[in-house]
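Enquirer: One structure follows; several queries about it will come next.
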Amino acid sequence: MSDDYPSLLRSEQMSLVQLFVPAEVAHDTVAELGELGDVQFKDLNPSVNPFQRSFVGEIRRIDEMARRVRFFATQIQQERDVIPIRPLYDSAPLITVGPRAAQTIDELDVMLGEHESRLVKMNDSYQTLSERLKELVEARQVLKETAVFFDKAHNQQTDIRTSFDESSAPLLQHEDRENQFSSNVQFDLEFVAGTIDRARISTFERVLWRVLRGNLFMNHTDIVEPFVDPVTGAESRKNVFIIFAHGDALLAKIRKVSESMGATIYPIDANADKRSDSLREVLARLEDLQTVLYSTGSSRRSELVKVGESLRSWQDVVRKEKLIYETLNYFNYDVRRKTLIAEGWVPTRDIATIQLALRHATEESGTSVPPILHELRTNKVPPTFHRTNKFTEGFQTIMDSYGTAAYQEVNPGLFAVVTFPFLFAVMFGDIGHGAIIFCAALYMIMKERKLAKADLGEIIGQFFYGRYIILLMGLFSMYTGLLYNDIFSKSLHIWHSGWTFPTSNGTITGTANGHTYPFGLDPGWHGSDNGLVFTNSYKMKMSIVLGVIHMTFALCLQVPNHIRFKRSIDIYANFIPQLLFLQSIFGYLVICILYKWSIDWSTSSTQPPSLLNMLISMFLSPGSVDKETQLYRGQSFIQVVLLLLAGVCVPWLLITKPYIAWREMKKIQGQGYVGLNHGDDGPRDSSDDALEGEEEGNGRAIAEDANEEHEEHDFGEVVIHQVIHTIEFCLGCISHTASYLRLWALSLAHAQLSEVLWSMTIEGSLGPTSLFGWIGLLLIGSFWFCATVGILCIMEGLSAFLHALRLHWVEANSKHFEGGGHAFTPLTFADLESKD
């Protein structure tokens with residue numbers, strides 16, 4: 001395949017480029033490249049402190065603007081009534097590039113400052129008024145509750161006087177004295193009234209009782225309405241209390257205890273007329289204050305509505321500007337040329353597009369000096385970049401979660417487009433269940449433009465992101481459901497069955513009628529007594545066959561890697577012995593499975609052998625095969641040859657590569673050569689090309705390349721690595737083949753769970769004969785469908801998804817995947833909100 005043609009087989013070819021950007025167009029150039037999203041800039045000032053870089057002042061200014069924008073967003077979120085926020089795609093764009101870019105940012109800074117100043121003043125005024133309102137409400141409640149208490153005391157006093165003798169000494173003064181001072185009740189005892197948090201009232205009462213030694217009378221009443229904090233919005237409930245005591249010392253103690261417990265004390269007069277006047281005054285002030293508070297709240301809401309019109313646009317501008325100046329801090333300033341110098345990785349095939357973007361940035365800025373771009377020669381390992389679309393993005397993300405492939409390594413994400421949904425479908429094979437998840441994915445794809453703009457949440461968003469994966473999983477599940485002849489645990493009679501069941505009582509034995517079911521499992525097996533035994537055997541052997549094919553294919557992906565990286569020795573020292581070892585044991589098992597399936601054992605003279613016992617005896621007793629369970633002629637000789645071949649492959653893997661490495665090392669030492677990197681003071685490359693490159697400005701790249709040669713390994717490390725690799729592969733062949741039995745286990749569990757759900761719910765309600773029967777069928781059918789979607793499609797689907805993921809990550813990728821690459825992370829303005 002041509003290297004110029006884009007493909008997911010390998011990562012894109014990358015180039016290290018150098019940019020000479022005039023200072024006056026630097027901002028617009030980075031903004032244009034950020035919109036393009038195709039350049040990964042290198043930090044050319046790694047030793048410079050972040051606070052000492054060139055654009056620290058601009059970043060601090062943008063950070064202050066970002067703080068104001070976050071303040072606005074917080075204020076809008078804390079507002080009780082929902083304030084509409086205009087979406088970004090519907091907002092008027094702010095032009096931050098071109099000749100007026102600086103003026104636009106200045107105007108935005110001033111505007112944000114004005115909005116913040118007004119909101120802060122309104123918040124302070126609103127908070128002060130709310131605190132004052134809270135105090136007046138508490139004062140009103142205290143006045144009302146104390147009036148109720150005094151009225152109750154007056155009524156109780158009249159009752160007491162009529163029931164006791166005149167010679168008794170009452171606490172309250174005599175009625176004739178009260179009549180001398182109007183109709184008001186006067187007390188010799190003084191009192192303290194106020195409010196306290198309801199949770200502290202019992203503690204408050206106990207403390208006062210102990211401090212005053214019982215020389216008090218206390219009464220308290222609940223305030224029904226809760227008090228809302230204007231800042232935090234938290235609700236608190238309070239009680240009104242009134243405490244009677246005698247003497248200034250006791251009253252002082254009561255006030256101190258009240259203040260320490262967080263109570264608020266209000267001066268209440270004992271005279272009823274004065275209390276009435278105070279209540280009227282409080283009510284009047286309360287009404288005026290509520291009017292002012294409502295006006296302030298309306299003004300604040302109007303300000304927030306105005307802010308909400310442009311909030312998304314401001315957030316977008318602030319994020320972009322901060323990212324632009326952070327990128328500019330990666331650049332070097334060339335004093336001689338008075339330009340900024342940048343280096344970065346770009347896809348080679350996009351260089352022309354980047355040059356067009358640079359030219360466009362120059363035109364937008366209104367200058368005539370364009371940035372200059374040229375490629376640098378380098379031996380550094382480029383980043384790995386797989387160009388994907390919305391269809392392949394999900395599959396590539398699954399593979400990248402395992403590890404980032406090395407540069408130009410074969411990409412397993414390309415093959416996962418087919419193998420991943422297929423292995424999932426083997427475990428999830430059901431026409432009905434596959435159709436459900438297929439329709440769900442198809443709906444998300446048809447509505448993807450609308451759903452992409454909506455806030456779906458974390459869980460639904462993940463399903464939407466993998467909508468194309470789900471689509472193929474549903475499609476493949478319908479295909480394997482046809483193979484299993486399974487739809488909601490029932491079978492389809494599409495073609496003529498190969499079995500005939502005579503009508504009779506008792507046990508019925510099916511007889512072959514000469515027909516062959518052309519595709520999938522014969523429906524005659526469904527419902528038969530030995531149907532589970534047959535499907536168990538069929539699916540178990542099928543999982544082994546698919547597993548060995550999958551591992552063999554993954555192992556063969558080593559070859560294009562070895563050819564690409566010019567490691568022909570690895571083909572002979574690793575790939576060939578690994579392939580022979582795998583095929584001599586498990587490839588042979590697959591051939592035996594297929595051969596056993598092809599034989600009509602009803603006409604054979606021998607019994608069908610157990611393949612598991614055959615494989616075990618192949619190792620324990622090589623060369624001896626029981627004649628009664630022999631699968632084919634010459635079986636013992638073939639098995640001995642295969643066993644010897646597998647045994648030869650182990651030392652082949654262990655010795656070949658270390659021996660070749662040792663021989664090449666001795667050959668080089670015998671010639672008397674020493675590597676140029678031997679020692680710290682080796683000679684520097686002073687070739688014409690290198691000197692010319694330094695003159696052209698890429699001396700930094702050449703100097704860094706001198707320190708980033710490919711990692712060298714001594715002979716001991718090669719031996720240790722090869723021993724570990726050999727042991728891991730040989731043991732992994734056995735464990736990984738057994739691991740593919742999960743295909744059989746999950747497929748069996750899914751089919752049985754579907755059958756149990758059908759038989760325990762809807763099966764007994766089929767064929768209704770009355771109205772109530774139809775209503776019951778509707779209710780039970782709805783329950784069955786909800787359970788099918790929730791349990792079998794979602795829960796079982798997630799389980800099969802995770803197992804398919806493991807088979808790709810562990811069983812397949814371990815056969816060829818090298819990894820160790822670093823992902824291509826270009827400067828891009830896409831999805832800034834999610835990254836923030």
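Residues are referred to by chain and number: the chain letter is A, B, ... according to the order shown in the structure tokens, the number counts from 1 in that chain, and ligands are numbered separately from 1 in the order shown.
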I'd like to know which residues of range 486-554 of chain A are helix (DSSP H, G or I) (by DSSP, run on the backbone); could you write them as a PyMOL selection string?

Expert: chain A and resi 523-525+531-554

Enquirer: So which residues touch range 751-756 of chain A within 7 Å, counting only C-alpha atoms, skipping near sequence neighbours fewer than 4 positions away, as a ChimeraX atom specification?

Expert: /A:488-489,747,760

Enquirer: List as a ChimeraX atom specification the protein and nucleic acid residues near range 363-368 of chain A, meaning an atom at most 9 Å away when only C-alpha atoms are counted, but skip any in the same chain fewer than 5 places from it.

Expert: /A:24-25,28-29,97-101,358

Enquirer: Of the candidates A:Ala102, A:Leu44, A:Asn271, A:Val410, which one gets nearest to Asp151 in chain A if we count only C-alpha atoms?

Expert: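 That would be A:Asn271, the residue with the smallest distance to Asp151 in chain A.
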
Enquirer: To one decimal place, how far is CA of Pro658 in chain A from CA of Val718 in chain A in Å?

Expert: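 Distance between the two atoms: 6.1 Å.
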
Enquirer: Can you pull out every residue within 9 Å of Ser278 in chain A, counting only C-alpha atoms, but drop anything in the same chain fewer than 4 positions away, and send it as a PDB file with all heavy atoms, in the first residue's frame?

Expert:
ATOM      1  N   ARG A 140     -40.173  40.941  64.625  1.00  0.00           N
ATOM      2  CA  ARG A 140     -41.636  40.822  64.551  1.00  0.00           C
ATOM      3  C   ARG A 140     -42.121  39.575  65.277  1.00  0.00           C
ATOM      4  O   ARG A 140     -43.105  39.611  66.026  1.00  0.00           O
ATOM      5  CB  ARG A 140     -42.052  40.770  63.079  1.00  0.00           C
ATOM      6  CG  ARG A 140     -43.555  40.676  62.865  1.00  0.00           C
ATOM      7  CD  ARG A 140     -43.863  40.419  61.412  1.00  0.00           C
ATOM      8  NE  ARG A 140     -43.351  39.108  61.005  1.00  0.00           N
ATOM      9  CZ  ARG A 140     -43.406  38.651  59.765  1.00  0.00           C
ATOM     10  NH1 ARG A 140     -43.929  39.404  58.805  1.00  0.00           N
ATOM     11  NH2 ARG A 140     -42.935  37.451  59.474  1.00  0.00           N
ATOM     12  N   LEU A 143     -41.822  40.122  69.054  1.00  0.00           N
ATOM     13  CA  LEU A 143     -42.892  40.992  69.559  1.00  0.00           C
ATOM     14  C   LEU A 143     -44.225  40.264  69.608  1.00  0.00           C
ATOM     15  O   LEU A 143     -44.990  40.394  70.583  1.00  0.00           O
ATOM     16  CB  LEU A 143     -43.001  42.235  68.670  1.00  0.00           C
ATOM     17  CG  LEU A 143     -41.878  43.267  68.821  1.00  0.00           C
ATOM     18  CD1 LEU A 143     -41.946  44.304  67.713  1.00  0.00           C
ATOM     19  CD2 LEU A 143     -41.959  43.945  70.186  1.00  0.00           C
ATOM     20  N   ILE A 268     -37.273  44.428  74.262  1.00  0.00           N
ATOM     21  CA  ILE A 268     -38.742  44.420  74.273  1.00  0.00           C
ATOM     22  C   ILE A 268     -39.213  45.104  75.552  1.00  0.00           C
ATOM     23  O   ILE A 268     -38.763  44.773  76.660  1.00  0.00           O
ATOM     24  CB  ILE A 268     -39.289  42.982  74.196  1.00  0.00           C
ATOM     25  CG1 ILE A 268     -38.699  42.255  72.971  1.00  0.00           C
ATOM     26  CG2 ILE A 268     -40.804  42.988  74.146  1.00  0.00           C
ATOM     27  CD1 ILE A 268     -39.051  42.885  71.656  1.00  0.00           C
ATOM     28  N   ASP A 269     -40.135  46.042  75.397  1.00  0.00           N
ATOM     29  CA  ASP A 269     -40.681  46.761  76.542  1.00  0.00           C
ATOM     30  C   ASP A 269     -41.810  45.957  77.168  1.00  0.00           C
ATOM     31  O   ASP A 269     -42.580  45.293  76.470  1.00  0.00           O
ATOM     32  CB  ASP A 269     -41.178  48.146  76.108  1.00  0.00           C
ATOM     33  CG  ASP A 269     -41.301  49.092  77.295  1.00  0.00           C
ATOM     34  OD1 ASP A 269     -42.239  48.915  78.087  1.00  0.00           O
ATOM     35  OD2 ASP A 269     -40.436  49.987  77.404  1.00  0.00           O
ATOM     36  N   ASP A 273     -48.643  49.008  75.352  1.00  0.00           N
ATOM     37  CA  ASP A 273     -48.786  50.054  74.338  1.00  0.00           C
ATOM     38  C   ASP A 273     -47.485  50.263  73.575  1.00  0.00           C
ATOM     39  O   ASP A 273     -47.482  50.406  72.340  1.00  0.00           O
ATOM     40  CB  ASP A 273     -49.222  51.371  74.996  1.00  0.00           C
ATOM     41  CG  ASP A 273     -50.625  51.268  75.587  1.00  0.00           C
ATOM     42  OD1 ASP A 273     -51.392  50.426  75.080  1.00  0.00           O
ATOM     43  OD2 ASP A 273     -50.927  52.013  76.531  1.00  0.00           O
ATOM     44  N   LYS A 274     -46.375  50.275  74.294  1.00  0.00           N
ATOM     45  CA  LYS A 274     -45.088  50.456  73.624  1.00  0.00           C
ATOM     46  C   LYS A 274     -44.762  49.261  72.733  1.00  0.00           C
ATOM     47  O   LYS A 274     -44.182  49.411  71.655  1.00  0.00           O
ATOM     48  CB  LYS A 274     -43.981  50.657  74.665  1.00  0.00           C
ATOM     49  CG  LYS A 274     -44.111  51.971  75.424  1.00  0.00           C
ATOM     50  CD  LYS A 274     -42.951  52.154  76.384  1.00  0.00           C
ATOM     51  CE  LYS A 274     -43.062  53.503  77.117  1.00  0.00           C
ATOM     52  NZ  LYS A 274     -41.972  53.707  78.066  1.00  0.00           N
ATOM     53  N   VAL A 282     -42.116  48.079  63.239  1.00  0.00           N
ATOM     54  CA  VAL A 282     -41.388  46.981  62.584  1.00  0.00           C
ATOM     55  C   VAL A 282     -42.103  46.530  61.321  1.00  0.00           C
ATOM     56  O   VAL A 282     -41.483  46.289  60.271  1.00  0.00           O
ATOM     57  CB  VAL A 282     -41.208  45.808  63.572  1.00  0.00           C
ATOM     58  CG1 VAL A 282     -40.749  44.548  62.838  1.00  0.00           C
ATOM     59  CG2 VAL A 282     -40.212  46.165  64.652  1.00  0.00           C
ATOM     60  N   LEU A 283     -43.432  46.423  61.360  1.00  0.00           N
ATOM     61  CA  LEU A 283     -44.188  45.994  60.188  1.00  0.00           C
ATOM     62  C   LEU A 283     -44.056  47.000  59.047  1.00  0.00           C
ATOM     63  O   LEU A 283     -43.935  46.621  57.871  1.00  0.00           O
ATOM     64  CB  LEU A 283     -45.662  45.800  60.553  1.00  0.00           C
ATOM     65  CG  LEU A 283     -45.965  44.601  61.469  1.00  0.00           C
ATOM     66  CD1 LEU A 283     -47.447  44.584  61.843  1.00  0.00           C
ATOM     67  CD2 LEU A 283     -45.579  43.292  60.800  1.00  0.00           C
TER      68      LEU A 283
END

Enquirer: Please measure the separation of CA of Tyr740 in chain A and CA of Ile724 in chain A, giving the value in Å to one decimal.

Expert: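 About the pair CA of Tyr740 in chain A and CA of Ile724 in chain A: they are 23.4 Å apart.
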
Enquirer: Excluding His493 in chain A and residues on its chain fewer than 3 positions from it, collect all residues at most 9 Å away from it, counting only C-alpha atoms, and give them as a list in words.

Expert: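 Result of the neighbour search: Asn485, His496, Ser497, Asp522 and Pro523 of chain A.
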
Enquirer: If you count only C-alpha atoms, which residues fall within 10 Å of Phe801 in chain A, apart from same-chain ones fewer than 6 positions away, as an MDAnalysis selection string?

Expert: chainID A and resid 420:421 423:425 427:428 470 473 795

Enquirer: What's the 10 Å shell around Leu136 in chain A, counting only C-alpha atoms, without same-chain residues fewer than 4 positions away, as a list of chain:residue names?

Expert: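 Returned residues: A:Ser130, A:Glu131, A:Arg132, A:Arg140, A:Gln141, A:Val142, A:Leu279, A:Val282, A:Leu283, A:Arg285, A:Leu286, A:Leu289.
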